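*Asks:* I'm passing along coords.cif; it holds mmCIF, C-alpha atoms and all ligand atoms.
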data_protein
loop_
_atom_site.label_atom_id
_atom_site.label_comp_id
_atom_site.auth_asym_id
_atom_site.auth_seq_id
_atom_site.Cartn_x
_atom_site.Cartn_y
_atom_site.Cartn_z
CA MET Z 1 -11.40 -21.94 11.92
CA SER Z 2 -8.46 -20.43 13.78
CA THR Z 3 -8.69 -16.78 14.59
CA HIS Z 4 -5.91 -15.81 12.22
CA ASP Z 5 -3.80 -16.98 9.30
CA ILE Z 6 -0.01 -16.79 9.32
CA ILE Z 7 1.98 -15.82 6.24
CA ARG Z 8 5.77 -15.94 6.38
CA VAL Z 9 7.97 -13.51 4.52
CA GLU Z 10 11.16 -15.51 3.93
CA LEU Z 11 14.17 -13.23 4.01
CA ASP Z 12 16.85 -15.18 5.91
CA ALA Z 13 17.72 -13.33 9.10
CA ARG Z 14 15.10 -10.67 8.30
CA SER Z 15 12.20 -13.14 7.93
CA TYR Z 16 8.97 -12.31 9.69
CA GLU Z 17 5.33 -13.27 10.00
CA ILE Z 18 2.18 -11.54 8.91
CA LEU Z 19 -0.83 -12.47 11.03
CA ALA Z 20 -4.15 -11.73 9.37
CA GLY Z 21 -7.50 -12.34 11.02
CA ASP Z 22 -9.63 -11.46 14.03
CA ALA Z 23 -8.88 -9.88 17.40
CA LEU Z 24 -5.31 -8.98 16.51
CA LEU Z 25 -5.67 -5.48 17.94
CA SER Z 26 -7.07 -6.64 21.25
CA GLU Z 27 -4.39 -9.35 21.44
CA ALA Z 28 -1.58 -7.26 19.97
CA GLY Z 29 0.54 -7.32 23.14
CA ARG Z 30 0.59 -11.10 23.28
CA HIS Z 31 1.71 -11.36 19.65
CA ILE Z 32 4.26 -8.58 19.88
CA ALA Z 33 5.92 -9.71 23.12
CA PRO Z 34 8.03 -12.50 21.53
CA VAL Z 35 9.69 -10.12 19.03
CA LEU Z 36 10.61 -7.44 21.57
CA LYS Z 37 14.17 -6.95 22.84
CA GLN Z 38 12.94 -4.90 25.77
CA ASN Z 39 9.54 -4.50 27.37
CA HIS Z 40 8.99 -0.95 26.20
CA VAL Z 41 7.57 0.26 22.88
CA PHE Z 42 6.79 3.53 21.12
CA ILE Z 43 3.41 3.55 19.40
CA VAL Z 44 3.20 5.91 16.42
CA THR Z 45 -0.28 6.59 15.05
CA ASP Z 46 -2.43 9.33 13.54
CA GLU Z 47 -5.29 11.28 15.06
CA ASN Z 48 -8.08 9.36 13.31
CA VAL Z 49 -6.73 5.94 14.22
CA ALA Z 50 -5.88 7.07 17.75
CA ALA Z 51 -9.50 8.08 18.34
CA LEU Z 52 -10.79 4.71 17.14
CA HIS Z 53 -8.24 2.05 17.99
CA LEU Z 54 -5.35 3.26 20.15
CA GLU Z 55 -6.96 2.34 23.44
CA THR Z 56 -7.54 -1.25 22.33
CA VAL Z 57 -3.87 -1.63 21.51
CA GLN Z 58 -2.76 0.06 24.73
CA ARG Z 59 -4.96 -2.24 26.79
CA SER Z 60 -3.52 -5.29 25.08
CA LEU Z 61 0.01 -4.05 25.85
CA ASP Z 62 -1.02 -3.53 29.49
CA ASP Z 63 -2.33 -7.09 29.56
CA ALA Z 64 0.98 -8.38 28.21
CA GLY Z 65 3.02 -6.32 30.67
CA ILE Z 66 4.57 -4.13 27.98
CA SER Z 67 5.01 -0.43 28.79
CA TYR Z 68 4.56 2.14 26.05
CA GLU Z 69 4.51 5.76 24.99
CA SER Z 70 2.14 6.97 22.30
CA LEU Z 71 2.99 9.58 19.65
CA VAL Z 72 -0.04 10.87 17.76
CA LEU Z 73 0.52 12.70 14.46
CA PRO Z 74 -1.91 14.49 12.14
CA ALA Z 75 -3.60 12.26 9.53
CA GLY Z 76 -2.86 12.65 5.83
CA ASP Z 77 -0.07 12.29 3.30
CA GLN Z 78 1.39 15.71 4.23
CA THR Z 79 2.57 14.12 7.47
CA LYS Z 80 4.87 11.87 5.45
CA GLY Z 81 7.58 14.51 4.92
CA PHE Z 82 10.80 15.86 6.39
CA ALA Z 83 9.03 18.08 8.92
CA TYR Z 84 7.21 15.29 10.73
CA LEU Z 85 10.10 12.88 10.28
CA GLN Z 86 12.28 15.32 12.20
CA LYS Z 87 9.59 15.87 14.80
CA LEU Z 88 9.01 12.16 15.27
CA ILE Z 89 12.70 11.31 15.60
CA GLY Z 90 13.12 14.26 17.97
CA GLU Z 91 10.33 12.87 20.15
CA LEU Z 92 11.83 9.39 20.16
CA LEU Z 93 15.25 10.72 21.14
CA SER Z 94 13.93 13.02 23.83
CA ARG Z 95 12.06 10.06 25.30
CA ARG Z 96 15.33 8.14 25.36
CA VAL Z 97 14.73 5.58 22.67
CA GLU Z 98 17.37 2.85 22.79
CA ARG Z 99 18.92 0.44 20.28
CA ASP Z 100 16.70 -2.30 21.73
CA SER Z 101 13.49 -0.25 21.52
CA THR Z 102 10.67 -1.14 19.13
CA VAL Z 103 8.39 1.23 17.27
CA ILE Z 104 4.79 0.15 16.65
CA ALA Z 105 3.33 1.71 13.50
CA LEU Z 106 -0.44 1.75 14.07
CA GLY Z 107 -2.24 3.20 11.07
CA GLY Z 108 -2.43 3.33 7.30
CA GLY Z 109 0.38 3.55 4.79
CA VAL Z 110 1.28 7.06 5.84
CA ILE Z 111 2.07 6.06 9.41
CA GLY Z 112 3.67 2.79 8.31
CA ASP Z 113 5.99 4.48 5.82
CA LEU Z 114 6.92 7.35 8.14
CA ALA Z 115 7.34 5.37 11.36
CA GLY Z 116 9.15 2.62 9.46
CA PHE Z 117 11.58 5.13 7.99
CA ALA Z 118 12.11 6.77 11.38
CA ALA Z 119 12.85 3.33 12.82
CA ALA Z 120 15.25 2.61 9.95
CA ILE Z 121 17.45 5.63 10.63
CA THR Z 122 17.08 6.37 14.35
CA LEU Z 123 20.20 5.14 16.17
CA ARG Z 124 21.18 3.56 12.79
CA GLY Z 125 18.14 1.34 12.85
CA ILE Z 126 15.78 -0.04 15.46
CA ASP Z 127 13.02 -2.64 15.19
CA TYR Z 128 9.45 -1.88 14.25
CA VAL Z 129 6.15 -3.71 14.05
CA GLN Z 130 3.39 -2.87 11.59
CA ILE Z 131 -0.25 -2.81 12.67
CA PRO Z 132 -1.88 -1.72 9.40
CA THR Z 133 -5.38 -0.30 9.76
CA THR Z 134 -6.35 0.46 6.15
CA LEU Z 135 -6.98 -2.17 3.50
CA LEU Z 136 -4.22 -0.63 1.41
CA ALA Z 137 -1.75 -0.94 4.27
CA GLN Z 138 -2.84 -4.50 5.09
CA VAL Z 139 -2.43 -5.80 1.55
CA ASP Z 140 0.45 -3.69 0.38
CA SER Z 141 2.39 -1.04 2.28
CA SER Z 142 2.95 -2.88 5.58
CA VAL Z 143 4.55 -5.84 3.82
CA GLY Z 144 7.91 -5.78 2.08
CA GLY Z 145 9.93 -3.25 4.02
CA LYS Z 146 9.72 -0.21 1.79
CA THR Z 147 9.72 2.89 3.98
CA ALA Z 148 9.80 6.46 2.74
CA ILE Z 149 8.75 10.06 2.94
CA ASN Z 150 7.67 12.46 0.22
CA THR Z 151 9.70 15.50 -0.84
CA GLU Z 152 8.83 18.52 -2.93
CA HIS Z 153 10.39 16.63 -5.84
CA GLY Z 154 7.90 13.81 -5.62
CA LYS Z 155 6.45 11.02 -3.52
CA ASN Z 156 8.50 8.38 -1.70
CA LEU Z 157 11.82 9.69 -3.00
CA VAL Z 158 13.67 9.48 0.32
CA GLY Z 159 13.54 6.19 2.16
CA MET Z 160 15.05 2.83 2.94
CA PHE Z 161 14.36 -0.85 2.81
CA HIS Z 162 13.76 -1.82 6.43
CA GLN Z 163 11.74 -4.95 7.11
CA PRO Z 164 9.33 -5.00 10.08
CA ARG Z 165 9.66 -7.70 12.75
CA LEU Z 166 5.97 -8.58 12.58
CA VAL Z 167 2.79 -7.46 10.82
CA LEU Z 168 -0.64 -7.68 12.50
CA ALA Z 169 -3.52 -7.23 10.06
CA ASP Z 170 -6.77 -7.17 12.05
CA ILE Z 171 -9.68 -7.56 9.61
CA GLY Z 172 -12.20 -6.10 12.07
CA VAL Z 173 -10.35 -2.79 12.10
CA LEU Z 174 -11.52 -2.27 8.51
CA ASP Z 175 -15.10 -1.87 9.80
CA THR Z 176 -14.38 1.75 10.71
CA LEU Z 177 -12.65 2.54 7.43
CA PRO Z 178 -14.58 4.92 5.14
CA GLN Z 179 -15.93 3.18 2.03
CA ARG Z 180 -13.84 5.31 -0.30
CA GLU Z 181 -10.62 4.27 1.50
CA PHE Z 182 -11.74 0.65 1.41
CA LEU Z 183 -12.24 0.79 -2.36
CA ALA Z 184 -8.88 2.48 -2.91
CA GLY Z 185 -7.22 -0.42 -1.07
CA TYR Z 186 -9.35 -2.86 -3.02
CA ALA Z 187 -7.71 -1.70 -6.25
CA GLU Z 188 -4.41 -3.05 -4.89
CA VAL Z 189 -6.13 -6.37 -4.07
CA VAL Z 190 -7.34 -6.64 -7.67
CA LYS Z 191 -3.80 -5.86 -8.79
CA TYR Z 192 -2.55 -9.19 -7.37
CA GLY Z 193 -5.10 -11.09 -9.42
CA LEU Z 194 -4.15 -9.16 -12.52
CA ILE Z 195 -0.41 -9.79 -12.03
CA ASN Z 196 -0.30 -13.57 -11.73
CA ASP Z 197 -3.49 -15.10 -10.36
CA SER Z 198 -6.43 -15.13 -12.74
CA ALA Z 199 -8.39 -17.50 -10.46
CA PHE Z 200 -8.17 -14.90 -7.69
CA PHE Z 201 -9.43 -12.22 -10.08
CA THR Z 202 -12.37 -14.45 -11.01
CA TRP Z 203 -13.07 -14.99 -7.29
CA LEU Z 204 -13.03 -11.22 -6.76
CA GLU Z 205 -15.50 -10.75 -9.62
CA GLY Z 206 -17.86 -13.00 -7.69
CA HIS Z 207 -17.18 -11.75 -4.17
CA GLY Z 208 -16.07 -8.13 -4.50
CA ALA Z 209 -19.49 -6.70 -3.72
CA ALA Z 210 -19.75 -8.76 -0.52
CA LEU Z 211 -16.28 -7.62 0.54
CA ARG Z 212 -17.30 -4.02 -0.01
CA GLU Z 213 -20.39 -4.56 2.15
CA GLY Z 214 -18.32 -5.88 5.03
CA ASP Z 215 -18.14 -9.69 4.67
CA ARG Z 216 -15.43 -10.52 7.23
CA ALA Z 217 -14.53 -13.98 6.00
CA GLY Z 218 -14.26 -12.74 2.42
CA ARG Z 219 -12.17 -9.77 3.46
CA ARG Z 220 -9.86 -12.04 5.37
CA LYS Z 221 -9.41 -14.31 2.39
CA ALA Z 222 -8.61 -11.31 0.17
CA VAL Z 223 -6.06 -9.93 2.65
CA VAL Z 224 -4.40 -13.32 3.15
CA LYS Z 225 -4.21 -13.97 -0.62
CA SER Z 226 -2.78 -10.52 -1.25
CA CYS Z 227 -0.20 -10.76 1.55
CA GLN Z 228 0.86 -14.20 0.34
CA ALA Z 229 1.28 -12.86 -3.19
CA LYS Z 230 3.31 -9.91 -1.99
CA ALA Z 231 5.38 -12.06 0.40
CA ASP Z 232 6.30 -14.42 -2.45
CA ILE Z 233 7.38 -11.60 -4.73
CA VAL Z 234 9.34 -9.81 -1.98
CA ALA Z 235 11.07 -13.03 -0.92
CA ALA Z 236 12.21 -13.54 -4.50
CA ASP Z 237 13.34 -9.95 -5.09
CA GLU Z 238 13.56 -7.90 -1.90
CA ARG Z 239 15.21 -4.85 -3.44
CA GLU Z 240 13.30 -4.68 -6.70
CA THR Z 241 16.05 -5.60 -9.11
CA GLY Z 242 13.59 -7.64 -11.15
CA GLN Z 243 10.14 -9.12 -10.69
CA ARG Z 244 9.16 -7.04 -7.64
CA ALA Z 245 8.57 -4.30 -10.21
CA LEU Z 246 5.47 -6.25 -11.33
CA LEU Z 247 3.80 -4.84 -8.20
CA ASN Z 248 3.87 -1.51 -10.01
CA LEU Z 249 1.13 -2.65 -12.40
CA GLY Z 250 -1.00 0.43 -13.00
CA HIS Z 251 1.35 2.61 -10.98
CA THR Z 252 3.28 4.36 -13.74
CA PHE Z 253 0.00 5.75 -15.04
CA GLY Z 254 -1.47 6.08 -11.56
CA HIS Z 255 1.45 8.12 -10.23
CA ALA Z 256 1.23 10.50 -13.19
CA LEU Z 257 -2.48 11.05 -12.46
CA GLU Z 258 -1.74 11.59 -8.76
CA ALA Z 259 0.91 14.15 -9.67
CA GLU Z 260 -1.47 15.99 -12.02
CA THR Z 261 -4.12 16.16 -9.31
CA GLY Z 262 -1.53 17.49 -6.88
CA TYR Z 263 -1.72 14.45 -4.59
CA SER Z 264 -4.96 15.94 -3.34
CA ASP Z 265 -8.12 14.31 -2.05
CA MET Z 266 -9.40 14.46 -5.61
CA LEU Z 267 -7.66 11.16 -6.36
CA LEU Z 268 -6.55 8.63 -3.75
CA HIS Z 269 -3.53 6.46 -4.56
CA GLY Z 270 -5.61 3.33 -5.04
CA GLU Z 271 -8.10 5.18 -7.22
CA GLY Z 272 -5.18 6.12 -9.46
CA VAL Z 273 -4.06 2.48 -9.49
CA ALA Z 274 -7.51 1.34 -10.71
CA ILE Z 275 -7.41 3.80 -13.60
CA GLY Z 276 -3.75 2.96 -14.26
CA ALA Z 277 -4.35 -0.80 -14.28
CA ALA Z 278 -7.19 -0.38 -16.77
CA MET Z 279 -4.90 1.78 -18.92
CA ALA Z 280 -2.15 -0.87 -18.77
CA PHE Z 281 -4.69 -3.39 -20.13
CA ASP Z 282 -5.82 -0.96 -22.81
CA LEU Z 283 -2.23 -0.30 -23.83
CA SER Z 284 -1.47 -4.04 -23.93
CA ALA Z 285 -4.60 -4.68 -26.02
CA ARG Z 286 -3.65 -1.89 -28.39
CA MET Z 287 -0.18 -3.42 -28.79
CA GLY Z 288 -1.81 -6.75 -29.63
CA LEU Z 289 -0.44 -8.43 -26.50
CA CYS Z 290 -3.72 -9.05 -24.71
CA SER Z 291 -7.33 -9.59 -25.76
CA THR Z 292 -9.75 -6.66 -25.74
CA GLU Z 293 -12.11 -8.95 -23.81
CA ASP Z 294 -9.66 -9.19 -20.89
CA ALA Z 295 -9.23 -5.41 -20.91
CA ALA Z 296 -13.03 -4.99 -20.90
CA ARG Z 297 -13.34 -7.41 -17.97
CA VAL Z 298 -10.95 -5.31 -15.92
CA HIS Z 299 -12.90 -2.13 -16.69
CA ARG Z 300 -16.17 -3.91 -15.86
CA HIS Z 301 -15.03 -5.22 -12.49
CA PHE Z 302 -13.66 -1.90 -11.28
CA ALA Z 303 -16.83 -0.16 -12.45
CA ALA Z 304 -19.05 -2.74 -10.73
CA MET Z 305 -17.22 -2.04 -7.48
CA GLY Z 306 -17.63 1.70 -7.85
CA LEU Z 307 -14.07 2.43 -8.90
CA SER Z 308 -13.76 4.65 -11.93
CA THR Z 309 -11.44 3.65 -14.77
CA GLY Z 310 -11.61 6.97 -16.59
CA LEU Z 311 -10.75 10.57 -15.89
CA ASP Z 312 -14.20 12.04 -16.54
CA HIS Z 313 -15.12 12.27 -12.85
CA LEU Z 314 -12.00 14.31 -12.05
CA GLN Z 315 -13.39 17.73 -12.73
CA GLY Z 316 -11.30 20.86 -12.93
CA VAL Z 317 -8.11 19.28 -14.27
CA ALA Z 318 -7.09 20.32 -17.77
CA TRP Z 319 -5.79 16.90 -18.76
CA GLN Z 320 -3.01 16.90 -21.34
CA ALA Z 321 -1.38 13.75 -22.61
CA GLU Z 322 2.01 15.56 -22.78
CA ASP Z 323 1.86 16.50 -19.09
CA LEU Z 324 1.14 12.90 -18.15
CA MET Z 325 4.04 11.73 -20.34
CA ALA Z 326 6.34 14.22 -18.61
CA HIS Z 327 5.34 12.92 -15.18
CA MET Z 328 6.00 9.35 -16.26
CA GLY Z 329 9.46 10.30 -17.45
CA ARG Z 330 10.26 11.47 -13.91
CA ASP Z 331 9.13 8.23 -12.25
CA LYS Z 332 11.56 6.52 -9.84
CA LYS Z 333 11.44 3.47 -12.07
CA VAL Z 334 13.13 5.18 -14.99
CA ARG Z 335 16.50 3.51 -15.65
CA GLY Z 336 19.05 4.97 -18.03
CA GLY Z 337 16.35 7.23 -19.40
CA ARG Z 338 14.09 4.28 -20.34
CA MET Z 339 10.71 3.74 -18.83
CA THR Z 340 9.77 0.28 -17.67
CA PHE Z 341 6.12 -0.62 -18.05
CA VAL Z 342 4.14 -3.45 -16.56
CA LEU Z 343 2.19 -4.88 -19.48
CA VAL Z 344 -0.07 -7.92 -19.66
CA LYS Z 345 -0.69 -10.89 -21.96
CA GLY Z 346 -4.01 -11.29 -20.22
CA ILE Z 347 -5.53 -11.37 -16.74
CA GLY Z 348 -2.93 -12.90 -14.42
CA GLN Z 349 -0.12 -12.61 -16.95
CA ALA Z 350 1.82 -9.43 -16.25
CA PHE Z 351 5.38 -8.87 -17.47
CA LEU Z 352 7.92 -6.05 -17.62
CA SER Z 353 8.63 -4.25 -20.85
CA GLN Z 354 10.84 -1.40 -21.96
CA ASP Z 355 9.47 -1.57 -25.47
CA VAL Z 356 6.45 0.68 -25.46
CA ALA Z 357 6.31 2.88 -28.53
CA PRO Z 358 5.64 6.52 -27.61
CA GLU Z 359 2.82 6.62 -30.23
CA ASP Z 360 0.93 3.83 -28.49
CA LEU Z 361 1.38 5.48 -25.13
CA VAL Z 362 0.20 8.86 -26.39
CA ALA Z 363 -2.82 7.21 -28.04
CA ILE Z 364 -3.86 5.56 -24.77
CA LEU Z 365 -3.37 8.76 -22.82
CA GLU Z 366 -5.33 10.76 -25.38
CA ASP Z 367 -8.16 8.24 -25.30
CA SER Z 368 -8.42 8.52 -21.54
CA VAL Z 369 -8.07 12.30 -21.53
CA SER Z 370 -10.85 12.76 -24.07
CA SER Z 371 -13.23 10.13 -22.65
N1 LIG X 401 5.65 1.13 1.54
C1 LIG X 401 4.97 0.64 0.53
O1 LIG X 401 5.29 -0.41 -0.02
C2 LIG X 401 3.74 1.36 0.08
C3 LIG X 401 2.86 0.74 -0.82
C4 LIG X 401 1.68 1.40 -1.17
C5 LIG X 401 1.43 2.67 -0.65
N2 LIG X 401 2.30 3.25 0.20
C6 LIG X 401 2.03 4.56 0.80
O2 LIG X 401 0.87 4.43 1.63
C7 LIG X 401 0.25 5.69 1.75
C8 LIG X 401 -1.25 5.54 1.64
O3 LIG X 401 -1.69 4.68 2.64
P1 LIG X 401 -3.23 4.65 3.05
O4 LIG X 401 -4.06 4.55 1.86
O5 LIG X 401 -3.33 3.62 4.10
O6 LIG X 401 -3.47 6.12 3.61
P2 LIG X 401 -3.50 6.77 5.06
O7 LIG X 401 -2.47 6.20 5.95
O8 LIG X 401 -3.46 8.24 4.83
O9 LIG X 401 -4.94 6.37 5.61
C9 LIG X 401 -6.08 6.85 4.95
C10 LIG X 401 -7.03 7.54 5.90
O10 LIG X 401 -7.73 6.58 6.68
C11 LIG X 401 -7.62 6.86 8.06
N3 LIG X 401 -7.67 5.56 8.73
C12 LIG X 401 -6.68 4.64 8.82
N4 LIG X 401 -7.16 3.52 9.37
C13 LIG X 401 -8.46 3.73 9.68
C14 LIG X 401 -9.49 2.94 10.24
N5 LIG X 401 -9.27 1.67 10.58
N6 LIG X 401 -10.71 3.50 10.40
C15 LIG X 401 -10.94 4.77 10.02
N7 LIG X 401 -10.02 5.56 9.44
C16 LIG X 401 -8.80 5.04 9.27
C17 LIG X 401 -6.33 7.62 8.19
O11 LIG X 401 -6.32 8.42 9.35
C18 LIG X 401 -6.36 8.46 6.92
O12 LIG X 401 -7.16 9.58 7.10
C19 LIG X 401 0.84 6.58 0.68
O13 LIG X 401 1.71 7.52 1.28
C20 LIG X 401 1.65 5.62 -0.18
O14 LIG X 401 2.81 6.21 -0.75
C21 LIG X 401 3.45 2.62 0.56
ZN ZN X 402 0.11 1.16 -4.78
#
Mind turning the file's structure into structure tokens?

*Replies:*
Amino acid sequence: MSTHDIIRVELDARSYEILAGDALLSEAGRHIAPVLKQNHVFIVTDENVAALHLETVQRSLDDAGISYESLVLPAGDQTKGFAYLQKLIGELLSRRVERDSTVIALGGGVIGDLAGFAAAITLRGIDYVQIPTTLLAQVDSSVGGKTAINTEHGKNLVGMFHQPRLVLADIGVLDTLPQREFLAGYAEVVKYGLINDSAFFTWLEGHGAALREGDRAGRRKAVVKSCQAKADIVAADERETGQRALLNLGHTFGHALEAETGYSDMLLHGEGVAIGAAMAFDLSARMGLCSTEDAARVHRHFAAMGLSTGLDHLQGVAWQAEDLMAHMGRDKKVRGGRMTFVLVKGIGQAFLSQDVAPEDLVAILEDSVSS
């Protein structure tokens, strides 16, 4: 078996490759060299990733004859805001970044979104390469070109579409990822099965536990499948005018839960997605669109993996269905005052709907709040 798989994201002049497999960190320089316009790069990373993996990447750049400067930011979602955006761009400019420079985003979704956005607007746009180091970033945030920061008005409200030149997803880098972060990313993997690939969901039911325990080959298959699924959807609808919105399965609910928990450590994004995806199945079953057996299967698989599908473990939040409804009404995806939901006809059969009756929604929220 070759050391990595290659997935192409077809976007005309903005097309690029995702490499997923082994040794991509230690061979990063060799893979990056062909996409560079000059032999100098700016590595952006966070403190946790720097301590574990920065040296490996630096050595590979040395080997490939690429010079670099490294900018290390604090870890955590708070870094993804105006303050660090300004600081990062200030650093790039004071180190004489040029139009032909390339930024290397080495880290999870926080670093990818922030460094990608900085690359999108510095000097009206320079190139960047994604080296995602969390499962969530490998299967979701590093692919598709959405870059953004959070504001006090909400998450990801300021940003741009800016596609990377290359994505390097090294499966071995996940070995250092805390289990909780792994599982949060796993919820996004399951999402792809739930959207349009029931065979993949069935495979995950059988292999999820092994993936959690570190099975490299299984992890690679899951990352490759997920990236392929995302690449296909992005190629068909880069700017989310239509079916790209299917990727938001579980996210309308999930975002509301994240908002209610103050985007704190209490609930990671992917943990909210697991709960939200289960709620989307419950809502669809309640509306008679999907079988209760499929909804139960989704709950069962998340539970078997150690991902909660209820709110009971989130102590100290006075859950109110009305508050959750209010958060949903403020979602980015609201158009002309109407909320778009991702509903399902079954596992692997997601579709977009603007026809959710408020009574059904309230009933689902009340069920989850009281369970
Ligand atoms: N652009 C998109 O399409 C998109 C999609 C989904 C999510 N996102 C964004 O992604 C962000 C979440 O990303 P995330 O879950 O990767 O979080 P993250 O970047 O905060 O990483 C999670 C934690 O893991 C640490 N870490 C990263 N790699 C590690 C490794 N290999 N070993 C040990 N520790 C490691 C980080 O330092 C951090 O503490 C959110 O801001 C979300 O809005 C963006
Ligand atoms: Zn997500």

*Asks:* Which is closest to ligand ZN 402 (chain X) among Z:Arg14, Z:His301, Z:His313, Z:His255, if we use only C-alpha atoms and all ligand atoms?

*Replies:*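 Answer, going by the shortest atom-to-atom distance: Z:His255.
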
*Asks:* Let me make sure I understand: among Z:Gly270, Z:Gly109, Z:Gly218, Z:Gly206, which one has the smallest atom-to-atom distance to ligand LIG 401 (chain X) if we use all atoms listed in the file?

*Replies:* Z:Gly109

*Asks:* Taking (9.4, 2.2, 18.4) as a centre in this file's frame and 7 Å as the limit, can you find every polymer residue with an atom that close, using only C-alpha atoms, and give them as a PyMOL selection string?

*Replies:* chain Z and resi 41-43+101-104+119+127-128

*Asks:* Write the residues you've just listed into a file as a compact mmCIF listing (two decimals), in the frame of the given file, and include C-alpha atoms for each of them.

*Replies:*
# COMPACT_ATOMS: atom_id res chain seq x y z
CA VAL Z 41 7.57 0.26 22.88
CA PHE Z 42 6.79 3.53 21.12
CA ILE Z 43 3.41 3.55 19.40
CA SER Z 101 13.49 -0.25 21.52
CA THR Z 102 10.67 -1.14 19.13
CA VAL Z 103 8.39 1.23 17.27
CA ILE Z 104 4.79 0.15 16.65
CA ALA Z 119 12.85 3.33 12.82
CA ASP Z 127 13.02 -2.64 15.19
CA TYR Z 128 9.45 -1.88 14.25

*Asks:* Within 7 Å of ligand LIG 401 (chain X), counting all atoms listed in the file: which residues, as a CSV table (one decimal) with C-alpha atoms, keeping the file's coordinate frame?

*Replies:*
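Saved result, part10.csv, follows:
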chain,number,residue,atom,x,y,z
Z,46,ASP,CA,-2.4,9.3,13.5
Z,47,GLU,CA,-5.3,11.3,15.1
Z,48,ASN,CA,-8.1,9.4,13.3
Z,49,VAL,CA,-6.7,5.9,14.2
Z,52,LEU,CA,-10.8,4.7,17.1
Z,75,ALA,CA,-3.6,12.3,9.5
Z,76,GLY,CA,-2.9,12.6,5.8
Z,77,ASP,CA,-0.1,12.3,3.3
Z,80,LYS,CA,4.9,11.9,5.4
Z,107,GLY,CA,-2.2,3.2,11.1
Z,108,GLY,CA,-2.4,3.3,7.3
Z,109,GLY,CA,0.4,3.6,4.8
Z,110,VAL,CA,1.3,7.1,5.8
Z,111,ILE,CA,2.1,6.1,9.4
Z,113,ASP,CA,6.0,4.5,5.8
Z,133,THR,CA,-5.4,-0.3,9.8
Z,134,THR,CA,-6.4,0.5,6.2
Z,135,LEU,CA,-7.0,-2.2,3.5
Z,136,LEU,CA,-4.2,-0.6,1.4
Z,137,ALA,CA,-1.8,-0.9,4.3
Z,140,ASP,CA,0.4,-3.7,0.4
Z,141,SER,CA,2.4,-1.0,2.3
Z,142,SER,CA,3.0,-2.9,5.6
Z,143,VAL,CA,4.6,-5.8,3.8
Z,144,GLY,CA,7.9,-5.8,2.1
Z,145,GLY,CA,9.9,-3.2,4.0
Z,146,LYS,CA,9.7,-0.2,1.8
Z,147,THR,CA,9.7,2.9,4.0
Z,148,ALA,CA,9.8,6.5,2.7
Z,155,LYS,CA,6.4,11.0,-3.5
Z,156,ASN,CA,8.5,8.4,-1.7
Z,173,VAL,CA,-10.4,-2.8,12.1
Z,174,LEU,CA,-11.5,-2.3,8.5
Z,175,ASP,CA,-15.1,-1.9,9.8
Z,176,THR,CA,-14.4,1.8,10.7
Z,177,LEU,CA,-12.6,2.5,7.4
Z,178,PRO,CA,-14.6,4.9,5.1
Z,181,GLU,CA,-10.6,4.3,1.5
Z,185,GLY,CA,-7.2,-0.4,-1.1
Z,269,HIS,CA,-3.5,6.5,-4.6

*Asks:* Identify which of the residues Z:Glu17, Z:Asp22, Z:Asp360, Z:Glu188 lies closest to Ala274 in chain Z, counting all atoms listed in the file when measuring atom-to-atom distances.

*Replies:*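 Among the listed residues, Z:Glu188 lies closest to Ala274 in chain Z.
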
*Asks:* What is the distance between CA of Phe281 in chain Z and CA of Val344 in chain Z, in Å to one decimal?

*Replies:* 6.5 Å

*Asks:* So how far away is CA of Ile195 in chain Z from CA of His251 in chain Z, in Å?

*Replies:* 12.6 Å

*Asks:* Which is closest to Gln86 in chain Z among Z:Ser370, Z:Thr122, Z:Thr45, Z:Gln179, if we use only C-alpha atoms?

*Replies:*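 Looking only at the distances to Gln86 in chain Z, the closest residue turns out to be Z:Thr122.
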
*Asks:* Point out the residue among Z:Leu166, Z:Ala210, Z:Val44, Z:Ala33 with the least atom-to-atom distance to Ala304 in chain Z, counting all atoms listed in the file.

*Replies:*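 Among Z:Leu166, Z:Ala210, Z:Val44, Z:Ala33, it is Z:Ala210 that comes nearest to Ala304 in chain Z.
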
*Asks:* For Ser70 in chain Z, which residue out of Z:Leu106, Z:His153, Z:Ser264, Z:Val356 is the nearest one, using only C-alpha atoms?

*Replies:*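 Comparing Z:Leu106, Z:His153, Z:Ser264, Z:Val356 against Ser70 in chain Z, the winner is Z:Leu106.
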
*Asks:* When you draw a straight line from CA of Leu307 in chain Z to CA of Phe201 in chain Z, how long is it in Å?

*Replies:* 15.4 Å

*Asks:* Which neighbours of Gly346 in chain Z fall inside 10 Å, counting all atoms listed in the file, when residues of the same chain fewer than 4 positions from it are skipped, and could you give them as a list in words?

*Replies:*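 Skipping anything fewer than 4 positions along the chain leaves Leu194, Ile195, Asn196, Ser198, Phe281, Ser284, Ala285, Leu289, Cys290, Ser291, Thr292, Glu293, Asp294, Ala295 and Ala350 of chain Z.
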
*Asks:* Would you list the residues near (10.5, -15.3, -6.0) (no more than 12 Å away, in the coordinates of the file, using only C-alpha atoms) as a list of chain:residue names?

*Replies:* Z:Val9, Z:Glu10, Z:Leu11, Z:Gln228, Z:Ala229, Z:Lys230, Z:Ala231, Z:Asp232, Z:Ile233, Z:Val234, Z:Ala235, Z:Ala236, Z:Asp237, Z:Glu238, Z:Arg239, Z:Glu240, Z:Thr241, Z:Gly242, Z:Gln243, Z:Arg244, Z:Ala245, Z:Leu246

*Asks:* Name the residues in contact with Glu366 in chain Z at a cut-off of 10 Å, using all atoms listed in the file, excluding same-chain residues fewer than 4 positions from it; report them as a list in words.

*Replies:* Trp319, Gln320, Ala321, Glu322, Leu324, Asp360, Leu361, Val362, Ser370 and Ser371 of chain Z
